[in-house]
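Chemist: This is structure.cif (mmCIF, C-alpha atoms).
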```cif
data_upload
#
loop_
_atom_site.group_PDB
_atom_site.id
_atom_site.type_symbol
_atom_site.label_atom_id
_atom_site.label_comp_id
_atom_site.auth_asym_id
_atom_site.auth_seq_id
_atom_site.Cartn_x
_atom_site.Cartn_y
_atom_site.Cartn_z
ATOM 1 C CA MET A 25 23.602 -0.446 -84.833
ATOM 2 C CA SER A 26 27.150 -0.767 -86.122
ATOM 3 C CA ASN A 27 30.350 0.691 -84.626
ATOM 4 C CA ASN A 28 29.977 -0.956 -81.234
ATOM 5 C CA GLN A 29 31.587 1.295 -78.620
ATOM 6 C CA PHE A 30 33.062 -1.795 -76.972
ATOM 7 C CA GLY A 31 34.693 -3.138 -80.147
ATOM 8 C CA LYS A 32 33.892 -6.170 -82.288
ATOM 9 C CA GLN A 33 33.350 -8.500 -79.333
ATOM 10 C CA GLY A 34 30.904 -6.080 -77.729
ATOM 11 C CA TRP A 35 30.648 -5.613 -73.975
ATOM 12 C CA LEU A 36 32.023 -8.496 -71.892
ATOM 13 C CA PRO A 37 32.173 -9.061 -68.104
ATOM 14 C CA GLU A 38 35.988 -8.881 -68.287
ATOM 15 C CA ARG A 39 35.512 -5.104 -68.364
ATOM 16 C CA ILE A 40 34.295 -5.163 -64.755
ATOM 17 C CA ASP A 41 36.864 -4.307 -62.127
ATOM 18 C CA ASN A 42 36.456 -5.132 -58.436
ATOM 19 C CA LEU A 43 32.885 -4.548 -57.186
ATOM 20 C CA SER A 44 33.661 -4.922 -53.464
ATOM 21 C CA GLY A 45 31.475 -2.592 -51.415
ATOM 22 C CA LYS A 46 28.751 -2.460 -54.088
ATOM 23 C CA THR A 47 25.243 -3.847 -53.525
ATOM 24 C CA TYR A 48 22.915 -4.996 -56.305
ATOM 25 C CA LEU A 49 19.239 -5.932 -56.010
ATOM 26 C CA ILE A 50 17.877 -8.275 -58.685
ATOM 27 C CA THR A 51 14.254 -9.307 -59.135
ATOM 28 C CA GLY A 52 13.705 -12.909 -60.247
ATOM 29 C CA ALA A 53 17.280 -13.911 -59.448
ATOM 30 C CA ASN A 54 16.909 -17.602 -58.595
ATOM 31 C CA THR A 55 16.866 -18.756 -62.223
ATOM 32 C CA GLY A 56 17.735 -17.764 -65.804
ATOM 33 C CA ALA A 57 19.442 -14.464 -66.602
ATOM 34 C CA GLY A 58 18.851 -13.154 -63.064
ATOM 35 C CA PHE A 59 20.753 -16.090 -61.583
ATOM 36 C CA GLU A 60 23.593 -15.692 -64.101
ATOM 37 C CA ALA A 61 23.767 -11.944 -63.411
ATOM 38 C CA SER A 62 23.986 -12.695 -59.684
ATOM 39 C CA LYS A 63 26.813 -15.161 -60.295
ATOM 40 C CA ILE A 64 28.897 -12.707 -62.343
ATOM 41 C CA LEU A 65 28.379 -9.803 -59.922
ATOM 42 C CA LEU A 66 29.239 -12.005 -56.924
ATOM 43 C CA SER A 67 32.360 -13.304 -58.687
ATOM 44 C CA LYS A 68 33.539 -9.672 -58.915
ATOM 45 C CA GLY A 69 33.131 -9.143 -55.163
ATOM 46 C CA ALA A 70 29.716 -7.466 -55.086
ATOM 47 C CA GLU A 71 26.915 -8.117 -52.636
ATOM 48 C CA VAL A 72 23.689 -9.383 -54.240
ATOM 49 C CA VAL A 73 20.216 -9.282 -52.720
ATOM 50 C CA MET A 74 17.751 -11.451 -54.635
ATOM 51 C CA LEU A 75 14.083 -10.463 -54.704
ATOM 52 C CA ASN A 76 12.291 -13.755 -55.388
ATOM 53 C CA ARG A 77 8.868 -15.304 -54.861
ATOM 54 C CA SER A 78 9.989 -18.643 -53.448
ATOM 55 C CA LYS A 79 11.932 -19.236 -50.242
ATOM 56 C CA GLU A 80 12.727 -22.796 -51.320
ATOM 57 C CA ARG A 81 14.068 -21.809 -54.777
ATOM 58 C CA SER A 82 16.003 -18.882 -53.307
ATOM 59 C CA THR A 83 17.714 -21.130 -50.771
ATOM 60 C CA LYS A 84 18.549 -23.637 -53.498
ATOM 61 C CA ALA A 85 19.987 -20.884 -55.744
ATOM 62 C CA ILE A 86 22.164 -19.556 -52.927
ATOM 63 C CA THR A 87 23.440 -23.067 -52.113
ATOM 64 C CA ASN A 88 24.294 -23.474 -55.803
ATOM 65 C CA LEU A 89 26.095 -20.108 -55.942
ATOM 66 C CA LYS A 90 28.127 -20.863 -52.819
ATOM 67 C CA ALA A 91 29.105 -24.264 -54.221
ATOM 68 C CA GLN A 92 30.452 -22.530 -57.351
ATOM 69 C CA LEU A 93 31.950 -19.368 -55.855
ATOM 70 C CA GLY A 94 32.751 -20.220 -52.229
ATOM 71 C CA GLU A 95 31.018 -19.840 -48.876
ATOM 72 C CA ASN A 96 32.170 -16.257 -48.322
ATOM 73 C CA ILE A 97 30.125 -14.604 -51.084
ATOM 74 C CA LYS A 98 27.662 -11.959 -49.913
ATOM 75 C CA VAL A 99 24.306 -13.153 -51.188
ATOM 76 C CA SER A 100 20.891 -13.087 -49.539
ATOM 77 C CA TYR A 101 17.242 -12.965 -50.532
ATOM 78 C CA VAL A 102 14.074 -11.099 -49.687
ATOM 79 C CA ILE A 103 10.750 -12.747 -50.474
ATOM 80 C CA MET A 104 8.737 -10.694 -52.947
ATOM 81 C CA ASP A 105 5.913 -11.554 -55.319
ATOM 82 C CA LEU A 106 5.669 -8.844 -57.992
ATOM 83 C CA SER A 107 2.050 -9.807 -58.673
ATOM 84 C CA GLU A 108 0.962 -8.660 -55.194
ATOM 85 C CA PHE A 109 1.377 -5.013 -54.236
ATOM 86 C CA ALA A 110 1.270 -5.957 -50.534
ATOM 87 C CA SER A 111 4.230 -8.286 -51.069
ATOM 88 C CA VAL A 112 6.152 -5.583 -52.971
ATOM 89 C CA ARG A 113 5.499 -3.119 -50.129
ATOM 90 C CA ASN A 114 6.676 -5.614 -47.495
ATOM 91 C CA ALA A 115 9.828 -6.421 -49.474
ATOM 92 C CA ALA A 116 10.630 -2.733 -50.050
ATOM 93 C CA LYS A 117 10.161 -2.037 -46.313
ATOM 94 C CA GLU A 118 12.566 -4.878 -45.451
ATOM 95 C CA VAL A 119 15.138 -3.657 -47.983
ATOM 96 C CA ASN A 120 14.895 -0.040 -46.795
ATOM 97 C CA GLU A 121 15.391 -1.160 -43.188
ATOM 98 C CA LYS A 122 18.159 -3.730 -43.695
ATOM 99 C CA ILE A 123 20.163 -2.784 -46.801
ATOM 100 C CA PRO A 124 22.357 0.300 -46.282
ATOM 101 C CA GLN A 125 22.856 1.116 -49.958
ATOM 102 C CA ILE A 126 21.587 0.156 -53.405
ATOM 103 C CA ASP A 127 24.090 0.641 -56.225
ATOM 104 C CA ALA A 128 21.618 -0.776 -58.729
ATOM 105 C CA LEU A 129 18.107 -2.182 -58.775
ATOM 106 C CA ILE A 130 17.893 -4.597 -61.701
ATOM 107 C CA CYS A 131 14.269 -5.121 -62.785
ATOM 108 C CA ASN A 132 14.879 -8.540 -64.304
ATOM 109 C CA ALA A 133 11.860 -10.692 -63.389
ATOM 110 C CA ALA A 134 9.163 -11.191 -66.016
ATOM 111 C CA ILE A 135 6.406 -13.478 -67.179
ATOM 112 C CA ALA A 136 5.551 -14.027 -70.830
ATOM 113 C CA GLN A 137 3.265 -15.756 -73.301
ATOM 114 C CA ILE A 138 0.445 -16.818 -70.982
ATOM 115 C CA ALA A 139 -2.052 -18.740 -73.119
ATOM 116 C CA LYS A 140 -5.214 -17.367 -71.458
ATOM 117 C CA GLN A 141 -5.958 -14.116 -69.652
ATOM 118 C CA GLU A 142 -5.088 -14.331 -65.951
ATOM 119 C CA PHE A 143 -5.263 -11.736 -63.169
ATOM 120 C CA THR A 144 -3.081 -10.713 -60.239
ATOM 121 C CA PRO A 145 -4.564 -10.715 -56.713
ATOM 122 C CA ASP A 146 -4.968 -6.925 -57.142
ATOM 123 C CA GLY A 147 -7.137 -7.451 -60.227
ATOM 124 C CA PHE A 148 -4.726 -6.611 -63.056
ATOM 125 C CA GLU A 149 -3.900 -8.676 -66.128
ATOM 126 C CA ARG A 150 -0.798 -10.627 -65.112
ATOM 127 C CA ASN A 151 1.642 -9.389 -67.772
ATOM 128 C CA ILE A 152 1.091 -5.702 -67.026
ATOM 129 C CA GLY A 153 0.594 -6.383 -63.308
ATOM 130 C CA ILE A 154 3.897 -8.216 -62.807
ATOM 131 C CA ASN A 155 6.200 -6.885 -65.510
ATOM 132 C CA HIS A 156 5.227 -3.226 -65.248
ATOM 133 C CA TYR A 157 3.089 -2.279 -62.216
ATOM 134 C CA GLY A 158 5.049 -4.469 -59.785
ATOM 135 C CA HIS A 159 8.382 -2.995 -60.871
ATOM 136 C CA PHE A 160 6.926 0.544 -61.031
ATOM 137 C CA LEU A 161 5.849 0.267 -57.384
ATOM 138 C CA LEU A 162 9.147 -1.325 -56.299
ATOM 139 C CA ALA A 163 11.260 1.377 -57.986
ATOM 140 C CA ASN A 164 9.037 4.016 -56.386
ATOM 141 C CA LEU A 165 9.402 2.601 -52.861
ATOM 142 C CA LEU A 166 13.190 2.134 -53.194
ATOM 143 C CA PHE A 167 13.900 5.339 -55.111
ATOM 144 C CA ASP A 168 15.083 7.427 -52.137
ATOM 145 C CA LYS A 169 17.550 4.720 -51.078
ATOM 146 C CA ILE A 170 18.862 4.393 -54.658
ATOM 147 C CA GLU A 171 19.173 8.185 -54.907
ATOM 148 C CA GLN A 172 21.128 8.312 -51.622
ATOM 149 C CA SER A 173 23.611 5.851 -53.148
ATOM 150 C CA ARG A 174 23.711 7.782 -56.453
ATOM 151 C CA GLY A 175 22.691 4.406 -57.837
ATOM 152 C CA ARG A 176 21.010 3.034 -60.932
ATOM 153 C CA ILE A 177 17.759 1.455 -62.024
ATOM 154 C CA VAL A 178 18.106 -1.093 -64.832
ATOM 155 C CA VAL A 179 14.961 -2.080 -66.700
ATOM 156 C CA VAL A 180 15.248 -5.380 -68.565
ATOM 157 C CA ALA A 181 12.952 -4.948 -71.553
ATOM 158 C CA SER A 182 12.403 -7.176 -74.591
ATOM 159 C CA GLU A 183 12.621 -7.002 -78.358
ATOM 160 C CA GLY A 184 8.936 -7.901 -78.096
ATOM 161 C CA HIS A 185 8.181 -4.204 -77.553
ATOM 162 C CA LYS A 186 8.510 -3.776 -81.340
ATOM 163 C CA MET A 187 5.720 -6.271 -81.927
ATOM 164 C CA GLY A 188 2.143 -6.034 -80.722
ATOM 165 C CA LEU A 189 0.371 -2.680 -80.552
ATOM 166 C CA LYS A 190 3.432 -0.367 -80.364
ATOM 167 C CA THR A 191 1.480 1.902 -78.023
ATOM 168 C CA ILE A 192 -0.337 1.687 -74.684
ATOM 169 C CA GLN A 193 -3.943 0.485 -74.730
ATOM 170 C CA PHE A 194 -5.254 2.899 -72.095
ATOM 171 C CA ASP A 195 -8.936 2.087 -72.694
ATOM 172 C CA ASP A 196 -8.398 -1.609 -71.862
ATOM 173 C CA MET A 197 -5.181 -2.164 -69.905
ATOM 174 C CA ASN A 198 -6.339 -5.655 -68.904
ATOM 175 C CA PHE A 199 -6.996 -6.734 -72.517
ATOM 176 C CA ASP A 200 -10.528 -7.846 -71.667
ATOM 177 C CA LYS A 201 -11.585 -7.435 -75.307
ATOM 178 C CA ASN A 202 -8.495 -8.517 -77.241
ATOM 179 C CA TYR A 203 -6.308 -10.713 -75.031
ATOM 180 C CA HIS A 204 -3.444 -12.264 -76.997
ATOM 181 C CA PRO A 205 -0.465 -14.128 -75.449
ATOM 182 C CA ASN A 206 2.104 -12.225 -77.501
ATOM 183 C CA ASN A 207 0.523 -8.769 -77.909
ATOM 184 C CA THR A 208 -0.321 -8.509 -74.223
ATOM 185 C CA TYR A 209 3.227 -9.459 -73.186
ATOM 186 C CA CYS A 210 4.711 -6.983 -75.705
ATOM 187 C CA HIS A 211 2.400 -4.283 -74.306
ATOM 188 C CA SER A 212 3.782 -4.859 -70.786
ATOM 189 C CA LYS A 213 7.410 -4.666 -71.948
ATOM 190 C CA LEU A 214 6.748 -1.438 -73.850
ATOM 191 C CA ALA A 215 5.163 -0.049 -70.675
ATOM 192 C CA GLN A 216 8.329 -0.898 -68.736
ATOM 193 C CA MET A 217 10.486 0.948 -71.259
ATOM 194 C CA MET A 218 8.236 4.004 -71.312
ATOM 195 C CA PHE A 219 8.349 4.080 -67.513
ATOM 196 C CA ALA A 220 12.161 4.042 -67.606
ATOM 197 C CA TYR A 221 12.476 6.890 -70.100
ATOM 198 C CA GLU A 222 9.854 9.006 -68.331
ATOM 199 C CA LEU A 223 11.696 8.380 -65.043
ATOM 200 C CA GLN A 224 14.826 9.756 -66.750
ATOM 201 C CA ASN A 225 12.840 12.884 -67.644
ATOM 202 C CA LYS A 226 11.633 13.350 -64.069
ATOM 203 C CA ILE A 227 15.094 12.757 -62.557
ATOM 204 C CA GLN A 228 16.635 15.309 -64.907
ATOM 205 C CA LYS A 229 13.935 17.859 -64.110
ATOM 206 C CA ALA A 230 14.395 17.321 -60.348
ATOM 207 C CA ASN A 231 18.188 17.529 -60.712
ATOM 208 C CA LYS A 232 18.640 14.149 -59.009
ATOM 209 C CA ASN A 233 21.538 11.694 -59.478
ATOM 210 C CA THR A 234 19.957 8.263 -60.097
ATOM 211 C CA LYS A 235 20.689 6.886 -63.552
ATOM 212 C CA VAL A 236 18.200 4.744 -65.488
ATOM 213 C CA TYR A 237 19.165 2.291 -68.221
ATOM 214 C CA VAL A 238 17.141 0.046 -70.522
ATOM 215 C CA CYS A 239 18.376 -3.206 -72.049
ATOM 216 C CA HIS A 240 17.122 -6.472 -73.537
ATOM 217 C CA PRO A 241 18.559 -10.008 -73.205
ATOM 218 C CA GLY A 242 18.086 -11.094 -76.820
ATOM 219 C CA ALA A 243 16.878 -14.660 -77.326
ATOM 220 C CA SER A 244 18.208 -16.578 -74.331
ATOM 221 C CA LYS A 245 17.674 -20.018 -72.857
ATOM 222 C CA THR A 246 15.788 -18.928 -69.741
ATOM 223 C CA SER A 247 12.581 -20.123 -68.080
ATOM 224 C CA LEU A 248 10.442 -17.335 -69.566
ATOM 225 C CA ILE A 249 8.467 -19.738 -71.804
ATOM 226 C CA ARG A 250 6.645 -21.974 -69.311
ATOM 227 C CA ASP A 251 3.924 -24.616 -69.187
ATOM 228 C CA ASN A 252 1.200 -21.945 -69.229
ATOM 229 C CA SER A 253 2.430 -20.690 -72.628
ATOM 230 C CA PRO A 254 0.483 -21.742 -75.742
ATOM 231 C CA LEU A 255 1.542 -25.149 -77.085
ATOM 232 C CA ALA A 256 2.573 -23.664 -80.454
ATOM 233 C CA THR A 257 4.829 -21.143 -78.683
ATOM 234 C CA ARG A 258 6.492 -23.907 -76.665
ATOM 235 C CA ILE A 259 7.091 -26.018 -79.783
ATOM 236 C CA VAL A 260 8.545 -23.130 -81.799
ATOM 237 C CA TRP A 261 10.766 -22.104 -78.873
ATOM 238 C CA SER A 262 12.069 -25.653 -78.355
ATOM 239 C CA ILE A 263 13.021 -25.845 -82.047
ATOM 240 C CA MET A 264 14.657 -22.381 -82.006
ATOM 241 C CA SER A 265 16.602 -23.230 -78.846
ATOM 242 C CA ALA A 266 18.425 -25.993 -80.708
ATOM 243 C CA PHE A 267 20.042 -23.406 -83.005
ATOM 244 C CA PRO A 268 22.989 -21.081 -82.249
ATOM 245 C CA ILE A 269 20.760 -18.007 -82.754
ATOM 246 C CA VAL A 270 19.468 -18.618 -79.215
ATOM 247 C CA GLN A 271 22.212 -17.871 -76.718
ATOM 248 C CA SER A 272 22.886 -19.046 -73.173
ATOM 249 C CA ALA A 273 21.186 -17.496 -70.148
ATOM 250 C CA GLU A 274 24.651 -16.300 -69.094
ATOM 251 C CA LYS A 275 25.055 -14.242 -72.260
ATOM 252 C CA GLY A 276 21.467 -13.063 -71.859
ATOM 253 C CA ALA A 277 22.588 -11.557 -68.530
ATOM 254 C CA TYR A 278 25.404 -9.469 -70.047
ATOM 255 C CA PRO A 279 23.262 -6.437 -71.000
ATOM 256 C CA GLU A 280 21.770 -6.020 -67.518
ATOM 257 C CA ILE A 281 25.160 -6.424 -65.841
ATOM 258 C CA MET A 282 26.648 -3.894 -68.253
ATOM 259 C CA CYS A 283 23.878 -1.387 -67.458
ATOM 260 C CA ALA A 284 24.417 -1.939 -63.722
ATOM 261 C CA THR A 285 28.206 -1.491 -63.764
ATOM 262 C CA GLU A 286 29.622 0.181 -66.893
ATOM 263 C CA GLU A 287 30.583 3.865 -66.775
ATOM 264 C CA ASN A 288 29.830 6.391 -69.531
ATOM 265 C CA LEU A 289 26.737 4.740 -70.958
ATOM 266 C CA LYS A 290 24.061 6.879 -72.591
ATOM 267 C CA GLN A 291 20.802 6.868 -70.661
ATOM 268 C CA ARG A 292 18.466 7.694 -73.549
ATOM 269 C CA ALA A 293 19.503 4.455 -75.244
ATOM 270 C CA TYR A 294 18.590 0.793 -75.592
ATOM 271 C CA TYR A 295 21.276 -1.859 -75.062
ATOM 272 C CA GLY A 296 21.521 -5.567 -75.834
ATOM 273 C CA PRO A 297 22.754 -8.123 -78.367
ATOM 274 C CA THR A 298 23.302 -6.482 -81.767
ATOM 275 C CA GLY A 299 23.442 -9.516 -84.082
ATOM 276 C CA VAL A 300 20.767 -10.720 -86.511
ATOM 277 C CA MET A 301 17.359 -9.456 -85.289
ATOM 278 C CA ASN A 302 19.129 -8.593 -81.998
ATOM 279 C CA PHE A 303 18.689 -12.248 -80.977
ATOM 280 C CA SER A 304 22.344 -12.713 -80.044
ATOM 281 C CA GLY A 305 25.740 -11.289 -80.936
ATOM 282 C CA PRO A 306 27.978 -8.583 -79.435
ATOM 283 C CA VAL A 307 26.349 -6.519 -76.695
ATOM 284 C CA GLY A 308 26.117 -2.821 -77.465
ATOM 285 C CA GLU A 309 23.681 -0.056 -78.365
ATOM 286 C CA CYS A 310 20.587 -1.027 -80.364
ATOM 287 C CA LYS A 311 18.121 1.218 -82.156
ATOM 288 C CA LEU A 312 15.636 3.010 -79.918
ATOM 289 C CA GLU A 313 12.359 3.311 -81.823
ATOM 290 C CA PRO A 314 10.615 6.732 -81.720
ATOM 291 C CA PHE A 315 7.243 5.311 -80.562
ATOM 292 C CA VAL A 316 8.899 4.162 -77.315
ATOM 293 C CA VAL A 317 9.644 7.738 -76.248
ATOM 294 C CA ASP A 318 6.318 9.349 -77.168
ATOM 295 C CA LYS A 319 6.136 11.955 -74.404
ATOM 296 C CA VAL A 320 2.323 12.221 -74.268
ATOM 297 C CA ILE A 321 1.946 8.440 -73.901
ATOM 298 C CA MET A 322 4.786 8.203 -71.359
ATOM 299 C CA GLU A 323 3.263 10.910 -69.149
ATOM 300 C CA LYS A 324 -0.208 9.369 -69.302
ATOM 301 C CA LEU A 325 1.189 5.910 -68.489
ATOM 302 C CA TRP A 326 2.927 7.367 -65.422
ATOM 303 C CA THR A 327 -0.381 8.730 -64.113
ATOM 304 C CA VAL A 328 -2.224 5.477 -64.875
ATOM 305 C CA SER A 329 0.536 3.513 -63.090
ATOM 306 C CA GLU A 330 0.329 5.730 -60.005
ATOM 307 C CA GLU A 331 -3.440 5.178 -59.894
ATOM 308 C CA ALA A 332 -3.075 1.405 -60.381
ATOM 309 C CA THR A 333 -0.471 1.028 -57.607
ATOM 310 C CA GLY A 334 -2.192 3.530 -55.301
ATOM 311 C CA GLU A 335 1.028 5.447 -54.743
ATOM 312 C CA LYS A 336 2.289 8.794 -56.039
ATOM 313 C CA PHE A 337 5.816 8.467 -57.487
ATOM 314 C CA GLU A 338 7.491 11.756 -56.632
ATOM 315 C CA VAL A 339 11.092 12.018 -57.804
#
```
Reformat the file's structure so that it appears as C-alpha cells.
Modeler:
Amino acid sequence: MSNNQFGKQGWLPERIDNLSGKTYLITGANTGAGFEASKILLSKGAEVVMLNRSKERSTKAITNLKAQLGENIKVSYVIMDLSEFASVRNAAKEVNEKIPQIDALICNAAIAQIAKQEFTPDGFERNIGINHYGHFLLANLLFDKIEQSRGRIVVVASEGHKMGLKTIQFDDMNFDKNYHPNNTYCHSKLAQMMFAYELQNKIQKANKNTKVYVCHPGASKTSLIRDNSPLATRIVWSIMSAFPIVQSAEKGAYPEIMCATEENLKQRAYYGPTGVMNFSGPVGECKLEPFVVDKVIMEKLWTVSEEATGEKFEV
C-alpha cells in the first residue's frame, strides 16, 4: 500500500521514546528477529522477558545482550516449549506469579518448512501445534494480566498466509492426507492471523482494553529455514539470501517492535515491509486480504483451538 503513514522511510525505531517501566514478553527471543527485537526494546530502557525452549541458548543470548548494552539491562527468561501444552501452562503460571505487568506479548516464535510431517507431544502436526495452538494457549493464559496492564498482543504472521490453501482445513488439521512443507506452514500462519482478528472481535464485544496487532517480518535472515527443511528450500533460500531483497534480522524485527510500541495504529490491519512482494522496504500498512477475516471461519477456528488446547478462552 502506498502513502506510508510514517513517510518514505517507513517506521523506524528512532520513533520510540523512553520505554522505562514497560515490560515486553517475546517468544523465541534467543535468536533471529526475536533477539533483535529484544535488543532494540532493551536499548530504549524496557524490561524484556524471553520465552525460550533452551536454558543454554537463553543464557548465551542474555550474555550477548549484556555485552552489547551493559550489565544493567533488565532481561530474563522463562523456559517454554510451545510444542508442549504442559510447558506453556508452566511458563504462563511462572509469568503470572513473577511478572507484575505485561505491556505487550509478542508472539514471535515459529517453525517453518519441515520436510516431513512431524507431531508435537500432544499429537498435533508441528506447524499448527507450535505456531498457532501454542500461542493461542499462551495468550489465553496471560490474557487477564495483559488486560490489567491495558497491554497488547502482537502476532507475527507471514506473507506465506497468501499461499497454500487460503482457508482452514478443518477436516484434516494435521494434514494426514496432504502434508506439504509450504502449504502446511502457510496454513498455520493463516490460523494465527485469524485468531488475532477474532480476538479483536471478542475484546470489542466485551468492552475490554487489550489491543491486538498483526504484522509480518518480510524476507529476513533468521533461523526459520533449518536443517529439517527440504533440500530444495534450503538451496533456494541460500541463493535468495545473497541478494538485497532479503533484509537483516534486525529489520525483520521492526514490524513487531512497531506493533508493540507505536501509538495510533489501526488494529484491523496488517503491518510489515511494503517493498516489492513485501519482502523488504519501508515498514507500514500492507493489504489485508478478505479471506483472512472470514468471520465464519474465524469463529470455527476459535472453537477448534479451544478444543485442541483443552481450555476455554473467555475474554
Chemist: Can you list, as an NGL selection string, the residues that the PyMOL selection byres ((chain A and resi 81-89) around 7) selects here?
Modeler: :A and (54 or 63 or 76 or 78-80 or 90-93 or 99 or 101)
Chemist: Assuming the chain letters and numbering stay as they are in my file, what does the PyMOL selection byres ((chain A and resi 283) around 8) actually select? List them as a PyMOL selection string.
Modeler: chain A and resi 178+237-239+279-282+284-286+289
Chemist: Can you pull out the residues contacting A:Ala220? Cut-off 12 Å, using all atoms listed in the file, and skip same-chain residues under 3 positions away; I want them as a PDB file with C-alpha atoms, in the coordinates of the input.
Modeler:
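Heads up, here's the output in result17.pdb:
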```
ATOM      1  CA  ILE A 130      17.893  -4.597 -61.701  1.00  0.00           C
ATOM      2  CA  CYS A 131      14.269  -5.121 -62.785  1.00  0.00           C
ATOM      3  CA  HIS A 156       5.227  -3.226 -65.248  1.00  0.00           C
ATOM      4  CA  HIS A 159       8.382  -2.995 -60.871  1.00  0.00           C
ATOM      5  CA  PHE A 160       6.926   0.544 -61.031  1.00  0.00           C
ATOM      6  CA  ALA A 163      11.260   1.377 -57.986  1.00  0.00           C
ATOM      7  CA  ASN A 164       9.037   4.016 -56.386  1.00  0.00           C
ATOM      8  CA  ARG A 176      21.010   3.034 -60.932  1.00  0.00           C
ATOM      9  CA  ILE A 177      17.759   1.455 -62.024  1.00  0.00           C
ATOM     10  CA  VAL A 178      18.106  -1.093 -64.832  1.00  0.00           C
ATOM     11  CA  VAL A 179      14.961  -2.080 -66.700  1.00  0.00           C
ATOM     12  CA  VAL A 180      15.248  -5.380 -68.565  1.00  0.00           C
ATOM     13  CA  ALA A 181      12.952  -4.948 -71.553  1.00  0.00           C
ATOM     14  CA  LYS A 213       7.410  -4.666 -71.948  1.00  0.00           C
ATOM     15  CA  LEU A 214       6.748  -1.438 -73.850  1.00  0.00           C
ATOM     16  CA  ALA A 215       5.163  -0.049 -70.675  1.00  0.00           C
ATOM     17  CA  GLN A 216       8.329  -0.898 -68.736  1.00  0.00           C
ATOM     18  CA  MET A 217      10.486   0.948 -71.259  1.00  0.00           C
ATOM     19  CA  LEU A 223      11.696   8.380 -65.043  1.00  0.00           C
ATOM     20  CA  GLN A 224      14.826   9.756 -66.750  1.00  0.00           C
ATOM     21  CA  ASN A 225      12.840  12.884 -67.644  1.00  0.00           C
ATOM     22  CA  LYS A 226      11.633  13.350 -64.069  1.00  0.00           C
ATOM     23  CA  ILE A 227      15.094  12.757 -62.557  1.00  0.00           C
ATOM     24  CA  THR A 234      19.957   8.263 -60.097  1.00  0.00           C
ATOM     25  CA  LYS A 235      20.689   6.886 -63.552  1.00  0.00           C
ATOM     26  CA  VAL A 236      18.200   4.744 -65.488  1.00  0.00           C
ATOM     27  CA  TYR A 237      19.165   2.291 -68.221  1.00  0.00           C
ATOM     28  CA  VAL A 238      17.141   0.046 -70.522  1.00  0.00           C
ATOM     29  CA  CYS A 239      18.376  -3.206 -72.049  1.00  0.00           C
ATOM     30  CA  GLN A 291      20.802   6.868 -70.661  1.00  0.00           C
ATOM     31  CA  ARG A 292      18.466   7.694 -73.549  1.00  0.00           C
ATOM     32  CA  ALA A 293      19.503   4.455 -75.244  1.00  0.00           C
ATOM     33  CA  TYR A 294      18.590   0.793 -75.592  1.00  0.00           C
ATOM     34  CA  VAL A 316       8.899   4.162 -77.315  1.00  0.00           C
ATOM     35  CA  VAL A 317       9.644   7.738 -76.248  1.00  0.00           C
ATOM     36  CA  MET A 322       4.786   8.203 -71.359  1.00  0.00           C
ATOM     37  CA  GLU A 323       3.263  10.910 -69.149  1.00  0.00           C
ATOM     38  CA  LEU A 325       1.189   5.910 -68.489  1.00  0.00           C
ATOM     39  CA  TRP A 326       2.927   7.367 -65.422  1.00  0.00           C
TER      40      TRP A 326
END
```
Chemist: Could you list, as a list in words, every residue matched by the PyMOL selection byres ((chain A and resi 152) around 9) in this structure?
Modeler: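 So the PyMOL selection byres ((chain A and resi 152) around 9), applied here, picks out Phe148, Glu149, Arg150, Asn151, Gly153, Ile154, Asn155, His156, Tyr157, Gly158, Met197, Asn198, Thr208, Tyr209, His211, Ser212, Lys213, Ala215 and Gln216 of chain A.
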Chemist: Restrict the selected residues to C-alpha atoms and save them as an mmCIF file, keeping the file's coordinate frame.
Modeler:
```cif
data_model
loop_
_atom_site.group_PDB
_atom_site.id
_atom_site.type_symbol
_atom_site.label_atom_id
_atom_site.label_comp_id
_atom_site.auth_asym_id
_atom_site.auth_seq_id
_atom_site.Cartn_x
_atom_site.Cartn_y
_atom_site.Cartn_z
ATOM 1 C CA PHE A 148 -4.726 -6.611 -63.056
ATOM 2 C CA GLU A 149 -3.900 -8.676 -66.128
ATOM 3 C CA ARG A 150 -0.798 -10.627 -65.112
ATOM 4 C CA ASN A 151 1.642 -9.389 -67.772
ATOM 5 C CA GLY A 153 0.594 -6.383 -63.308
ATOM 6 C CA ILE A 154 3.897 -8.216 -62.807
ATOM 7 C CA ASN A 155 6.200 -6.885 -65.510
ATOM 8 C CA HIS A 156 5.227 -3.226 -65.248
ATOM 9 C CA TYR A 157 3.089 -2.279 -62.216
ATOM 10 C CA GLY A 158 5.049 -4.469 -59.785
ATOM 11 C CA MET A 197 -5.181 -2.164 -69.905
ATOM 12 C CA ASN A 198 -6.339 -5.655 -68.904
ATOM 13 C CA THR A 208 -0.321 -8.509 -74.223
ATOM 14 C CA TYR A 209 3.227 -9.459 -73.186
ATOM 15 C CA HIS A 211 2.400 -4.283 -74.306
ATOM 16 C CA SER A 212 3.782 -4.859 -70.786
ATOM 17 C CA LYS A 213 7.410 -4.666 -71.948
ATOM 18 C CA ALA A 215 5.163 -0.049 -70.675
ATOM 19 C CA GLN A 216 8.329 -0.898 -68.736
#
```
Chemist: Just want the 8 Å neighbourhood of A:Ile321, counted on only C-alpha atoms, with same-chain residues fewer than 3 positions away dropped. Output as a ChimeraX atom specification.
Modeler: /A:191-192,318,324-325
Chemist: Write to file, as a PDB file, keeping the file's coordinate frame, the residues of the selection just made, with C-alpha atoms.
Modeler:
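As a result, part21.pdb now contains:
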```
ATOM      1  CA  THR A 191       1.480   1.902 -78.023  1.00  0.00           C
ATOM      2  CA  ILE A 192      -0.337   1.687 -74.684  1.00  0.00           C
ATOM      3  CA  ASP A 318       6.318   9.349 -77.168  1.00  0.00           C
ATOM      4  CA  LYS A 324      -0.208   9.369 -69.302  1.00  0.00           C
ATOM      5  CA  LEU A 325       1.189   5.910 -68.489  1.00  0.00           C
TER       6      LEU A 325
END
```
Chemist: Which of these, A:Thr55, A:Gln141, A:Val73, A:Ile170, has the shortest distance to A:Asn202 once you count all atoms listed in the file?
Modeler: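 So, comparing all the options, the nearest one is A:Gln141.
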Chemist: Looking at all atoms listed in the file, which of A:Asp41, A:Glu108, A:Asp195, A:Glu222 is the one that sits closest to A:Glu287?
Modeler: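 Between A:Asp41, A:Glu108, A:Asp195, A:Glu222, the residue approaching A:Glu287 most closely is A:Asp41.
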Chemist: With distances taken over only C-alpha atoms, which of A:Ala277, A:Met301, A:Leu129, A:Met187 is nearest to A:Trp35?
Modeler: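 Once distances to A:Trp35 are computed over only C-alpha atoms, the minimum belongs to A:Ala277.
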